[in-house]
file start-v1.tsv (TSV, C-alpha atoms)
chain	number	residue	atom	x	y	z
A	1	MET	CA	29.91	87.14	0.99
A	2	ASN	CA	27.51	90.11	1.06
A	3	ILE	CA	23.82	89.82	0.20
A	4	LYS	CA	24.31	91.23	-3.30
A	5	ASN	CA	26.92	88.59	-4.15
A	6	LYS	CA	24.73	85.81	-2.70
A	7	ILE	CA	21.81	86.89	-4.90
A	8	LEU	CA	24.08	87.00	-7.95
A	9	ALA	CA	25.41	83.48	-7.21
A	10	CYS	CA	21.87	82.15	-6.86
A	11	LEU	CA	20.86	83.68	-10.18
A	12	VAL	CA	23.84	82.03	-11.88
A	13	VAL	CA	22.82	78.62	-10.48
A	14	VAL	CA	19.17	79.07	-11.53
A	15	PHE	CA	20.17	80.17	-15.04
A	16	ALA	CA	22.46	77.13	-15.37
A	17	LEU	CA	19.61	74.81	-14.33
A	18	ILE	CA	17.22	76.41	-16.83
A	19	LEU	CA	19.80	76.15	-19.63
A	20	SER	CA	20.44	72.50	-18.78
A	21	SER	CA	16.70	71.76	-18.74
A	22	CYS	CA	16.17	73.43	-22.13
A	23	THR	CA	19.11	71.58	-23.63
A	24	ASN	CA	17.77	68.23	-22.40
A	25	LYS	CA	14.31	69.01	-23.80
A	26	GLU	CA	15.78	69.94	-27.15
A	27	SER	CA	17.82	66.73	-27.13
A	28	LYS	CA	14.74	64.66	-26.26
A	29	ASN	CA	12.68	66.37	-28.96
A	30	LEU	CA	15.34	65.54	-31.53
A	31	ASP	CA	15.27	61.90	-30.44
A	32	TYR	CA	11.47	61.68	-30.75
A	33	SER	CA	11.59	63.37	-34.14
A	34	LYS	CA	14.12	60.81	-35.30
A	35	VAL	CA	11.96	57.92	-34.05
A	36	GLU	CA	8.87	59.40	-35.74
A	37	THR	CA	10.73	59.68	-39.06
A	38	GLU	CA	11.90	56.08	-38.79
A	39	ILE	CA	8.32	54.92	-38.19
A	40	LYS	CA	6.99	56.87	-41.14
A	41	THR	CA	9.58	55.53	-43.53
A	42	SER	CA	9.47	51.90	-42.38
A	43	PRO	CA	7.66	49.40	-44.67
A	44	ILE	CA	4.11	48.21	-43.93
A	45	ALA	CA	5.33	44.65	-43.45
A	46	LYS	CA	8.49	42.68	-44.00
A	47	ALA	CA	8.70	41.37	-47.55
A	48	PHE	CA	8.40	37.62	-48.09
A	49	GLN	CA	11.72	36.02	-48.98
A	50	PRO	CA	11.20	33.07	-51.37
A	51	ASN	CA	13.27	29.98	-50.63
A	52	LYS	CA	14.57	27.41	-53.11
A	53	SER	CA	11.45	25.24	-52.91
A	54	PHE	CA	9.25	28.25	-53.67
A	55	ASN	CA	11.40	29.35	-56.62
A	56	ASP	CA	11.66	25.82	-58.04
A	57	TYR	CA	7.89	25.41	-57.93
A	58	TRP	CA	6.62	28.83	-59.00
A	59	TYR	CA	9.38	29.99	-61.37
A	60	ALA	CA	9.69	26.86	-63.51
A	61	GLY	CA	7.93	28.42	-66.52
A	62	GLU	CA	4.66	26.60	-65.84
A	63	ALA	CA	1.28	27.33	-64.33
A	64	GLU	CA	-0.45	25.22	-61.71
A	65	ILE	CA	-3.92	24.18	-62.92
A	66	SER	CA	-6.44	22.54	-60.60
A	67	SER	CA	-9.91	21.35	-61.62
A	68	TYR	CA	-12.82	21.02	-59.19
A	69	ASN	CA	-16.22	19.42	-59.17
A	70	LEU	CA	-18.62	22.29	-58.51
A	71	GLU	CA	-21.97	22.16	-56.73
A	72	GLN	CA	-23.20	25.73	-57.19
A	73	SER	CA	-26.23	27.07	-55.35
A	74	ARG	CA	-28.19	29.48	-57.55
A	75	TYR	CA	-31.84	30.54	-57.36
A	76	GLY	CA	-32.42	28.17	-54.45
A	77	GLU	CA	-31.23	25.03	-56.26
A	78	THR	CA	-27.90	23.20	-56.58
A	79	ARG	CA	-26.33	23.21	-60.06
A	80	ASN	CA	-23.56	20.87	-61.14
A	81	GLY	CA	-20.56	22.40	-62.89
A	82	THR	CA	-16.80	22.79	-62.88
A	83	ALA	CA	-14.36	25.26	-61.35
A	84	VAL	CA	-10.71	25.77	-62.25
A	85	LEU	CA	-7.93	27.59	-60.37
A	86	ILE	CA	-4.99	28.67	-62.55
A	87	TYR	CA	-1.99	30.01	-60.61
A	88	VAL	CA	1.09	31.43	-62.33
A	89	THR	CA	3.82	33.93	-61.51
A	90	GLU	CA	4.44	36.78	-63.93
A	91	PRO	CA	6.05	40.25	-64.09
A	92	PHE	CA	3.63	43.13	-63.52
A	93	LEU	CA	3.78	46.85	-64.25
A	94	ALA	CA	2.96	48.91	-61.16
A	95	ASP	CA	1.84	52.04	-63.04
A	96	LYS	CA	-0.21	50.54	-65.90
A	97	GLN	CA	-1.20	47.57	-63.72
A	98	VAL	CA	-0.95	45.01	-66.51
A	99	LYS	CA	1.41	42.15	-67.32
A	100	ALA	CA	4.84	43.42	-68.42
A	101	ASP	CA	5.94	42.56	-71.95
A	102	ASN	CA	9.63	43.07	-71.19
A	103	SER	CA	12.02	42.43	-68.33
A	104	ASN	CA	12.65	45.50	-66.20
A	105	PRO	CA	14.02	46.04	-62.66
A	106	SER	CA	10.90	48.05	-61.80
A	107	ASN	CA	8.57	45.13	-62.58
A	108	ILE	CA	6.70	43.57	-59.68
A	109	ASN	CA	6.58	39.79	-59.38
A	110	VAL	CA	3.00	38.71	-58.81
A	111	LEU	CA	1.26	35.41	-58.22
A	112	LYS	CA	-1.76	35.59	-60.50
A	113	LEU	CA	-4.90	33.58	-59.96
A	114	ASN	CA	-7.52	33.14	-62.67
A	115	ARG	CA	-10.50	31.47	-61.01
A	116	THR	CA	-13.28	30.21	-63.27
A	117	LYS	CA	-16.71	28.65	-62.79
A	118	ASN	CA	-19.07	27.14	-65.36
A	119	PHE	CA	-22.57	25.89	-64.57
A	120	THR	CA	-26.08	25.96	-66.04
A	121	THR	CA	-29.31	27.34	-64.61
A	122	GLY	CA	-32.22	25.77	-66.50
A	123	ILE	CA	-31.75	26.51	-70.19
A	124	TYR	CA	-28.96	29.07	-69.91
A	125	PRO	CA	-25.30	28.81	-68.85
A	126	TYR	CA	-23.18	30.90	-66.48
A	127	SER	CA	-19.50	31.64	-67.02
A	128	ILE	CA	-17.63	33.43	-64.22
A	129	MET	CA	-14.00	34.48	-64.06
A	130	GLN	CA	-12.09	36.38	-61.38
A	131	SER	CA	-8.45	37.49	-61.75
A	132	THR	CA	-6.21	38.51	-58.86
A	133	PHE	CA	-2.69	39.91	-59.19
A	134	TYR	CA	-1.00	39.59	-55.82
A	135	PRO	CA	2.62	40.67	-55.10
A	136	VAL	CA	4.90	37.77	-54.20
A	137	GLU	CA	6.52	40.02	-51.58
A	138	ASN	CA	3.27	39.55	-49.64
A	139	ASN	CA	3.49	42.93	-47.89
A	140	GLN	CA	0.70	44.86	-49.62
A	141	HIS	CA	-2.79	44.29	-50.97
A	142	ALA	CA	-3.48	42.83	-54.40
A	143	ILE	CA	-2.47	45.30	-57.09
A	144	LYS	CA	-5.46	44.50	-59.27
A	145	VAL	CA	-8.62	42.37	-59.10
A	146	SER	CA	-11.26	41.89	-61.79
A	147	CYS	CA	-14.43	39.87	-62.22
A	148	SER	CA	-16.64	39.14	-65.22
A	149	ILE	CA	-19.91	37.21	-65.29
A	150	GLN	CA	-21.63	36.16	-68.51
A	151	GLU	CA	-25.05	34.56	-68.91
A	152	TRP	CA	-27.83	34.84	-71.46
A	153	CYS	CA	-29.41	37.89	-69.81
A	154	GLY	CA	-26.19	39.87	-70.28
A	155	HIS	CA	-22.75	40.36	-68.77
A	156	VAL	CA	-21.23	42.43	-65.97
A	157	TYR	CA	-17.68	43.49	-65.18
A	158	THR	CA	-15.92	44.90	-62.12
A	159	GLN	CA	-12.29	46.00	-61.79
A	160	LEU	CA	-10.40	47.12	-58.68
A	161	ASN	CA	-7.05	48.92	-59.02
A	162	ASN	CA	-4.85	49.46	-55.98
A	163	ARG	CA	-3.52	53.02	-56.10
A	164	LYS	CA	-3.79	55.75	-53.41
A	165	GLN	CA	-7.17	54.19	-52.71
A	166	PHE	CA	-8.96	51.21	-54.20
A	167	GLU	CA	-10.32	52.55	-57.51
A	168	ILE	CA	-13.45	50.74	-58.71
A	169	ASP	CA	-14.65	50.58	-62.31
A	170	SER	CA	-18.00	48.82	-62.61
A	171	HIS	CA	-20.27	47.99	-65.58
A	172	SER	CA	-23.61	46.19	-65.66
A	173	TYR	CA	-26.72	45.74	-67.78
A	174	PHE	CA	-28.88	46.27	-64.66
A	175	GLU	CA	-30.30	49.80	-64.40
A	176	ASN	CA	-29.64	50.22	-60.68
A	177	GLN	CA	-25.96	49.25	-61.16
A	178	ALA	CA	-25.19	50.44	-64.69
A	179	ASP	CA	-21.77	52.15	-65.10
A	180	SER	CA	-19.99	53.60	-62.07
A	181	ASN	CA	-16.56	54.71	-60.88
A	182	PHE	CA	-15.74	55.29	-57.24
A	183	ALA	CA	-13.00	54.88	-54.64
A	184	LEU	CA	-12.81	52.89	-51.42
A	185	ASP	CA	-10.47	53.00	-48.44
A	186	LYS	CA	-8.04	50.10	-48.45
A	187	ASN	CA	-9.00	46.96	-46.58
A	188	SER	CA	-8.31	43.27	-46.89
A	189	LEU	CA	-9.74	41.64	-50.01
A	190	GLU	CA	-11.36	38.23	-50.04
A	191	ASN	CA	-10.08	37.78	-53.59
A	192	GLU	CA	-6.47	38.14	-52.43
A	193	ILE	CA	-6.89	35.52	-49.69
A	194	TRP	CA	-6.69	32.77	-52.32
A	195	THR	CA	-3.23	33.90	-53.46
A	196	GLN	CA	-1.87	35.07	-50.10
A	197	LEU	CA	-2.64	31.61	-48.76
A	198	ARG	CA	-0.44	30.00	-51.44
A	199	ILE	CA	2.54	32.16	-50.44
A	200	ASP	CA	2.31	32.01	-46.65
A	201	PRO	CA	-0.90	30.84	-44.89
A	202	LYS	CA	0.40	32.13	-41.55
A	203	SER	CA	0.25	35.69	-42.92
A	204	LEU	CA	-3.54	35.56	-43.43
A	205	PRO	CA	-5.55	38.09	-41.38
A	206	THR	CA	-7.36	36.66	-38.36
A	207	GLY	CA	-9.79	37.88	-35.72
A	208	LYS	CA	-12.34	40.63	-36.33
A	209	ILE	CA	-11.43	42.27	-39.63
A	210	ASN	CA	-12.90	44.59	-42.23
A	211	ILE	CA	-12.76	42.86	-45.60
A	212	ILE	CA	-14.22	43.35	-49.06
A	213	PRO	CA	-16.05	40.14	-50.08
A	214	SER	CA	-15.31	38.45	-53.40
A	215	LEU	CA	-16.40	40.44	-56.43
A	216	GLU	CA	-18.29	37.37	-57.66
A	217	PHE	CA	-20.38	37.17	-54.50
A	218	LEU	CA	-21.22	40.88	-54.51
A	219	ARG	CA	-22.29	40.71	-58.17
A	220	LEU	CA	-24.44	37.60	-57.81
A	221	LYS	CA	-26.12	38.93	-54.65
A	222	HIS	CA	-26.31	42.55	-55.89
A	223	ASP	CA	-24.85	43.78	-52.58
A	224	PRO	CA	-22.91	47.07	-52.33
A	225	LEU	CA	-19.20	46.83	-53.06
A	226	LYS	CA	-17.63	47.86	-49.76
A	227	ALA	CA	-15.86	46.41	-46.73
A	228	TYR	CA	-17.86	44.32	-44.25
A	229	GLU	CA	-16.91	43.09	-40.80
A	230	ALA	CA	-15.98	39.42	-40.67
A	231	SER	CA	-14.51	36.96	-38.22
A	232	ALA	CA	-11.46	35.20	-39.66
A	233	THR	CA	-9.97	32.01	-38.23
A	234	LEU	CA	-6.91	30.02	-39.27
A	235	SER	CA	-6.25	26.46	-38.20
A	236	THR	CA	-4.08	23.68	-39.61
A	237	GLY	CA	-5.19	23.31	-43.23
A	238	ASN	CA	-8.27	25.55	-42.95
A	239	TYR	CA	-9.14	29.24	-43.29
A	240	THR	CA	-12.66	30.47	-42.56
A	241	LEU	CA	-14.38	33.82	-43.01
A	242	ASN	CA	-17.71	34.43	-41.28
A	243	TYR	CA	-19.71	37.53	-42.33
A	244	SER	CA	-22.54	37.76	-39.79
A	245	SER	CA	-24.23	40.77	-41.44
A	246	LEU	CA	-24.27	38.96	-44.81
A	247	LYS	CA	-25.27	35.62	-43.27
A	248	ARG	CA	-22.37	34.13	-45.22
A	249	LYS	CA	-19.52	31.78	-44.31
A	250	LEU	CA	-16.60	30.77	-46.53
A	251	SER	CA	-14.38	27.84	-45.55
A	252	ILE	CA	-11.24	26.93	-47.54
A	253	ASN	CA	-9.38	23.66	-46.91
A	254	PHE	CA	-5.77	23.46	-48.08
A	255	ASN	CA	-2.69	21.30	-47.80
A	256	PRO	CA	-0.84	22.59	-44.71
A	257	GLU	CA	2.48	21.73	-46.38
A	258	PHE	CA	4.05	23.72	-49.23
A	259	PRO	CA	2.86	24.45	-51.91
A	260	TYR	CA	-0.41	24.73	-49.90
A	261	GLU	CA	-2.73	23.44	-52.65
A	262	ILE	CA	-6.41	24.26	-52.20
A	263	LEU	CA	-8.25	20.97	-51.70
A	264	ASP	CA	-11.85	22.16	-51.50
A	265	TRP	CA	-14.02	25.02	-50.32
A	266	GLU	CA	-17.57	25.62	-49.13
A	267	GLU	CA	-19.67	28.78	-49.17
A	268	ASN	CA	-22.80	28.94	-47.03
A	269	ILE	CA	-25.10	31.89	-47.74
A	270	ASN	CA	-28.05	31.80	-45.34
A	271	GLY	CA	-28.34	28.02	-45.77
A	272	ASP	CA	-27.66	27.90	-49.53
A	273	ILE	CA	-24.46	25.90	-49.90
A	274	THR	CA	-21.92	25.90	-52.73
A	275	LYS	CA	-19.13	23.30	-52.69
A	276	ALA	CA	-16.05	22.66	-54.81
A	277	THR	CA	-13.92	19.51	-54.48
A	278	ARG	CA	-10.59	19.06	-56.23
A	279	LEU	CA	-10.42	16.59	-59.10
A	280	LYS	CA	-6.90	16.94	-60.51
A	281	THR	CA	-3.84	19.22	-60.43
A	282	ILE	CA	-1.21	19.52	-63.18
A	283	LYS	CA	1.69	21.84	-63.96
A	284	SER	CA	1.68	23.08	-67.55
A	285	ALA	CA	2.72	25.97	-69.79
A	286	TYR	CA	-0.90	26.00	-70.96
A	287	TRP	CA	-0.47	29.10	-73.15
A	288	SER	CA	1.57	26.98	-75.57
A	289	LYS	CA	-0.93	24.10	-75.63
A	290	LYS	CA	-3.14	25.28	-78.50
A	291	SER	CA	-3.36	22.38	-80.92
A	292	LYS	CA	-6.02	19.67	-81.08
A	293	LYS	CA	-3.58	17.13	-79.72
A	294	ASP	CA	-3.37	19.19	-76.52
A	295	GLU	CA	-7.06	18.63	-75.81
A	296	VAL	CA	-6.01	15.46	-74.00
A	297	LEU	CA	-4.92	17.72	-71.14
A	298	ARG	CA	-8.56	18.65	-70.56
A	299	GLU	CA	-9.30	14.95	-70.22
A	300	THR	CA	-6.44	14.72	-67.72
A	301	LEU	CA	-8.08	17.49	-65.73
A	302	LEU	CA	-11.43	15.66	-65.99
A	303	LEU	CA	-12.98	18.69	-67.66
A	304	GLN	CA	-14.55	16.67	-70.50
call {"tool": "encode", "arguments": {"input": "start-v1.tsv", "output": "structure tokens"}}
result
Amino acid sequence: MNIKNKILACLVVVFALILSSCTNKESKNLDYSKVETEIKTSPIAKAFQPNKSFNDYWYAGEAEISSYNLEQSRYGETRNGTAVLIYVTEPFLADKQVKADNSNPSNINVLKLNRTKNFTTGIYPYSIMQSTFYPVENNQHAIKVSCSIQEWCGHVYTQLNNRKQFEIDSHSYFENQADSNFALDKNSLENEIWTQLRIDPKSLPTGKINIIPSLEFLRLKHDPLKAYEASATLSTGNYTLNYSSLKRKLSINFNPEFPYEILDWEENINGDITKATRLKTIKSAYWSKKSKKDEVLRETLLLQ
């Protein structure tokens, strides 16, 4: 073989190697692109799959109502009062973010918690209510959270809607808070902890987390509504949040067995302690209990 033919043969080999290398790179790029697409389209977390016990308990056409003896710290003193946790499942509209009036495949099943407190400071009473609408699928944040506080000085209201961001609508009689609308990046919500726990305690966030404290706490302390760093720990029958920057610790004790009833909780804010201890739990379709004869149920709950 002459020199010219040798050079030509070498060029053919080199070209074949280059073509093979390019083909492999293109093949690898296609594989990575496919993986990236799969990651982008995969869900945030696997949806919770209710079992028979869950369905029998939460879809029986009744709410779970628990009453608590409340020792509320306010203005440096402990006030006696009552707290009530009302849990119920209901269909929810994702777009309007309200309870659905009609059955529809697009409805979202939520576990709703209405959490109330009533206590008196001196001559005037406080009435506090927080509502949380948390998806039973347990793979996204609460869809909606609201809080209202009424006392003789006035009343305040905060609402959080989970859309592209957390949208906040806030109203107050205080000048420095007044009316405001703003958005926050999504983080864990303390308000949703109380419902997430009832679905699957093991799914609760742990370790160092960024979390938005309860709307009640932020209102009563007049702290900015935003996420704060907290240390979260989960043990058998207990979940604790410790906010070092707020000098606040929340500890919730619950039944470690389904349906994970909340037994009591304690909030320590820089040494001021609020406690709630369960009195009674009943299951009832309370919305149909409107007559005077139904007032006996309040006695059952030890609320009067």
call {"tool": "closest_residue", "arguments": {"input": "start-v1.tsv", "among": "A:Thr121, A:Thr300, A:Ser180, A:Ser235", "to": "Pro201 of chain A", "atoms": "all atoms listed in the file"}}
result
A:Ser235
call {"tool": "residues_around", "arguments": {"input": "start-v1.tsv", "residues": "segment 141-158 of chain A", "least_positions_apart": "3", "cutoff": "7 Å", "atoms": "all atoms listed in the file", "output": "ChimeraX atom specification"}}
result
/A:97,124-135,161-162,169-173,188,192,215-216
call {"tool": "write_last_selection", "arguments": {"input": "start-v1.tsv", "atoms": "C-alpha atoms", "output": "mmCIF file, in the coordinates of the input"}}
result
data_model
loop_
_atom_site.group_PDB
_atom_site.id
_atom_site.type_symbol
_atom_site.label_atom_id
_atom_site.label_comp_id
_atom_site.auth_asym_id
_atom_site.auth_seq_id
_atom_site.Cartn_x
_atom_site.Cartn_y
_atom_site.Cartn_z
ATOM 1 C CA GLN A 97 -1.200 47.570 -63.720
ATOM 2 C CA TYR A 124 -28.960 29.070 -69.910
ATOM 3 C CA PRO A 125 -25.300 28.810 -68.850
ATOM 4 C CA TYR A 126 -23.180 30.900 -66.480
ATOM 5 C CA SER A 127 -19.500 31.640 -67.020
ATOM 6 C CA ILE A 128 -17.630 33.430 -64.220
ATOM 7 C CA MET A 129 -14.000 34.480 -64.060
ATOM 8 C CA GLN A 130 -12.090 36.380 -61.380
ATOM 9 C CA SER A 131 -8.450 37.490 -61.750
ATOM 10 C CA THR A 132 -6.210 38.510 -58.860
ATOM 11 C CA PHE A 133 -2.690 39.910 -59.190
ATOM 12 C CA TYR A 134 -1.000 39.590 -55.820
ATOM 13 C CA PRO A 135 2.620 40.670 -55.100
ATOM 14 C CA ASN A 161 -7.050 48.920 -59.020
ATOM 15 C CA ASN A 162 -4.850 49.460 -55.980
ATOM 16 C CA ASP A 169 -14.650 50.580 -62.310
ATOM 17 C CA SER A 170 -18.000 48.820 -62.610
ATOM 18 C CA HIS A 171 -20.270 47.990 -65.580
ATOM 19 C CA SER A 172 -23.610 46.190 -65.660
ATOM 20 C CA TYR A 173 -26.720 45.740 -67.780
ATOM 21 C CA SER A 188 -8.310 43.270 -46.890
ATOM 22 C CA GLU A 192 -6.470 38.140 -52.430
ATOM 23 C CA LEU A 215 -16.400 40.440 -56.430
ATOM 24 C CA GLU A 216 -18.290 37.370 -57.660
#
call {"tool": "closest_residue", "arguments": {"input": "start-v1.tsv", "among": "A:Phe174, A:Trp194, A:Trp58, A:Phe182", "to": "Arg219 of chain A", "atoms": "only C-alpha atoms"}}
result
A:Phe174
call {"tool": "axis_aligned_box", "arguments": {"input": "start-v1.tsv", "around": "segment 138-153 of chain A", "padding_each_side": "8 Å", "output": "AutoDock Vina command-line options"}}
result
--center_x -13.0 --center_y 39.9 --center_z -59.7 --size_x 48.9 --size_y 26.7 --size_z 39.6
call {"tool": "closest_residue", "arguments": {"input": "start-v1.tsv", "among": "A:His222, A:Lys112, A:Lys283, A:Lys293", "to": "Val98 of chain A", "atoms": "only C-alpha atoms"}}
result
A:Lys112
call {"tool": "closest_residue", "arguments": {"input": "start-v1.tsv", "among": "A:Phe166, A:Tyr68, A:Phe92, A:Phe48", "to": "Glu137 of chain A", "atoms": "only C-alpha atoms"}}
result
A:Phe48
call {"tool": "closest_residue", "arguments": {"input": "start-v1.tsv", "among": "A:Arg278, A:Lys249, A:Lys46, A:Arg198", "to": "Pro213 of chain A", "atoms": "only C-alpha atoms"}}
result
A:Lys249
call {"tool": "atom_distance", "arguments": {"input": "start-v1.tsv", "atom1": "atom CA of Glu64 of chain A", "atom2": "atom CA of Phe119 of chain A"}}
result
22.3 Å
call {"tool": "atom_distance", "arguments": {"input": "start-v1.tsv", "atom1": "atom CA of Asn104 of chain A", "atom2": "atom CA of Ile199 of chain A"}}
result
23.0 Å
call {"tool": "closest_residue", "arguments": {"input": "start-v1.tsv", "among": "A:Pro91, A:Gly81, A:Pro256, A:Gly122", "to": "Thr236 of chain A", "atoms": "only C-alpha atoms"}}
result
A:Pro256
call {"tool": "residues_around", "arguments": {"input": "start-v1.tsv", "residues": "Asp272 of chain A", "least_positions_apart": "6", "cutoff": "10 Å", "atoms": "all atoms listed in the file", "output": "PyMOL selection string"}}
result
chain A and resi 72-78+248
call {"tool": "residues_around", "arguments": {"input": "start-v1.tsv", "residues": "Ala60 of chain A", "least_positions_apart": "6", "cutoff": "12 Å", "atoms": "only C-alpha atoms", "output": "list in words"}}
result
Lys52, Ser53, Phe54, Val88, Thr89, Glu90, Lys283, Ser284 and Ala285 of chain A
call {"tool": "atom_distance", "arguments": {"input": "start-v1.tsv", "atom1": "atom CA of Ser244 of chain A", "atom2": "atom CA of Leu85 of chain A"}}
result
27.2 Å
call {"tool": "build_atoms", "arguments": {"input": "start-v1.tsv", "residues": "segment 55-73 of chain A", "atoms": "N, CA and C atoms", "output": "PDB file, keeping the file's coordinate frame"}}
result
ATOM      1  N   ASN A  55      10.921  28.959 -55.285  1.00  0.00           N
ATOM      2  CA  ASN A  55      11.400  29.350 -56.620  1.00  0.00           C
ATOM      3  C   ASN A  55      11.323  28.190 -57.610  1.00  0.00           C
ATOM      4  N   ASP A  56      11.700  26.991 -57.154  1.00  0.00           N
ATOM      5  CA  ASP A  56      11.660  25.820 -58.040  1.00  0.00           C
ATOM      6  C   ASP A  56      10.238  25.516 -58.486  1.00  0.00           C
ATOM      7  N   TYR A  57       9.278  25.751 -57.600  1.00  0.00           N
ATOM      8  CA  TYR A  57       7.890  25.410 -57.930  1.00  0.00           C
ATOM      9  C   TYR A  57       7.218  26.484 -58.771  1.00  0.00           C
ATOM     10  N   TRP A  58       7.392  27.751 -58.377  1.00  0.00           N
ATOM     11  CA  TRP A  58       6.620  28.830 -59.000  1.00  0.00           C
ATOM     12  C   TRP A  58       7.345  29.538 -60.140  1.00  0.00           C
ATOM     13  N   TYR A  59       8.641  29.326 -60.295  1.00  0.00           N
ATOM     14  CA  TYR A  59       9.380  29.990 -61.370  1.00  0.00           C
ATOM     15  C   TYR A  59       9.992  28.973 -62.344  1.00  0.00           C
ATOM     16  N   ALA A  60       9.227  27.916 -62.602  1.00  0.00           N
ATOM     17  CA  ALA A  60       9.690  26.860 -63.510  1.00  0.00           C
ATOM     18  C   ALA A  60       9.127  27.035 -64.919  1.00  0.00           C
ATOM     19  N   GLY A  61       8.487  28.176 -65.191  1.00  0.00           N
ATOM     20  CA  GLY A  61       7.930  28.420 -66.520  1.00  0.00           C
ATOM     21  C   GLY A  61       6.637  27.690 -66.786  1.00  0.00           C
ATOM     22  N   GLU A  62       5.934  27.291 -65.705  1.00  0.00           N
ATOM     23  CA  GLU A  62       4.660  26.600 -65.840  1.00  0.00           C
ATOM     24  C   GLU A  62       3.632  27.201 -64.890  1.00  0.00           C
ATOM     25  N   ALA A  63       2.367  26.970 -65.220  1.00  0.00           N
ATOM     26  CA  ALA A  63       1.280  27.330 -64.330  1.00  0.00           C
ATOM     27  C   ALA A  63       0.816  26.096 -63.575  1.00  0.00           C
ATOM     28  N   GLU A  64       0.221  26.302 -62.428  1.00  0.00           N
ATOM     29  CA  GLU A  64      -0.450  25.220 -61.710  1.00  0.00           C
ATOM     30  C   GLU A  64      -1.934  25.307 -62.022  1.00  0.00           C
ATOM     31  N   ILE A  65      -2.504  24.210 -62.537  1.00  0.00           N
ATOM     32  CA  ILE A  65      -3.920  24.180 -62.920  1.00  0.00           C
ATOM     33  C   ILE A  65      -4.614  23.103 -62.113  1.00  0.00           C
ATOM     34  N   SER A  66      -5.671  23.497 -61.390  1.00  0.00           N
ATOM     35  CA  SER A  66      -6.440  22.540 -60.600  1.00  0.00           C
ATOM     36  C   SER A  66      -7.910  22.601 -61.012  1.00  0.00           C
ATOM     37  N   SER A  67      -8.489  21.432 -61.279  1.00  0.00           N
ATOM     38  CA  SER A  67      -9.910  21.350 -61.620  1.00  0.00           C
ATOM     39  C   SER A  67     -10.701  20.886 -60.405  1.00  0.00           C
ATOM     40  N   TYR A  68     -11.964  21.317 -60.339  1.00  0.00           N
ATOM     41  CA  TYR A  68     -12.820  21.020 -59.190  1.00  0.00           C
ATOM     42  C   TYR A  68     -14.220  20.654 -59.656  1.00  0.00           C
ATOM     43  N   ASN A  69     -14.803  19.699 -58.977  1.00  0.00           N
ATOM     44  CA  ASN A  69     -16.220  19.420 -59.170  1.00  0.00           C
ATOM     45  C   ASN A  69     -17.002  20.478 -58.402  1.00  0.00           C
ATOM     46  N   LEU A  70     -17.895  21.160 -59.093  1.00  0.00           N
ATOM     47  CA  LEU A  70     -18.620  22.290 -58.510  1.00  0.00           C
ATOM     48  C   LEU A  70     -20.089  21.952 -58.275  1.00  0.00           C
ATOM     49  N   GLU A  71     -20.545  22.230 -57.064  1.00  0.00           N
ATOM     50  CA  GLU A  71     -21.970  22.160 -56.730  1.00  0.00           C
ATOM     51  C   GLU A  71     -22.385  23.587 -56.356  1.00  0.00           C
ATOM     52  N   GLN A  72     -22.932  24.303 -57.327  1.00  0.00           N
ATOM     53  CA  GLN A  72     -23.200  25.730 -57.190  1.00  0.00           C
ATOM     54  C   GLN A  72     -24.658  25.979 -56.826  1.00  0.00           C
ATOM     55  N   SER A  73     -24.864  26.679 -55.720  1.00  0.00           N
ATOM     56  CA  SER A  73     -26.230  27.070 -55.350  1.00  0.00           C
ATOM     57  C   SER A  73     -26.595  28.352 -56.088  1.00  0.00           C
TER      58      SER A  73
END
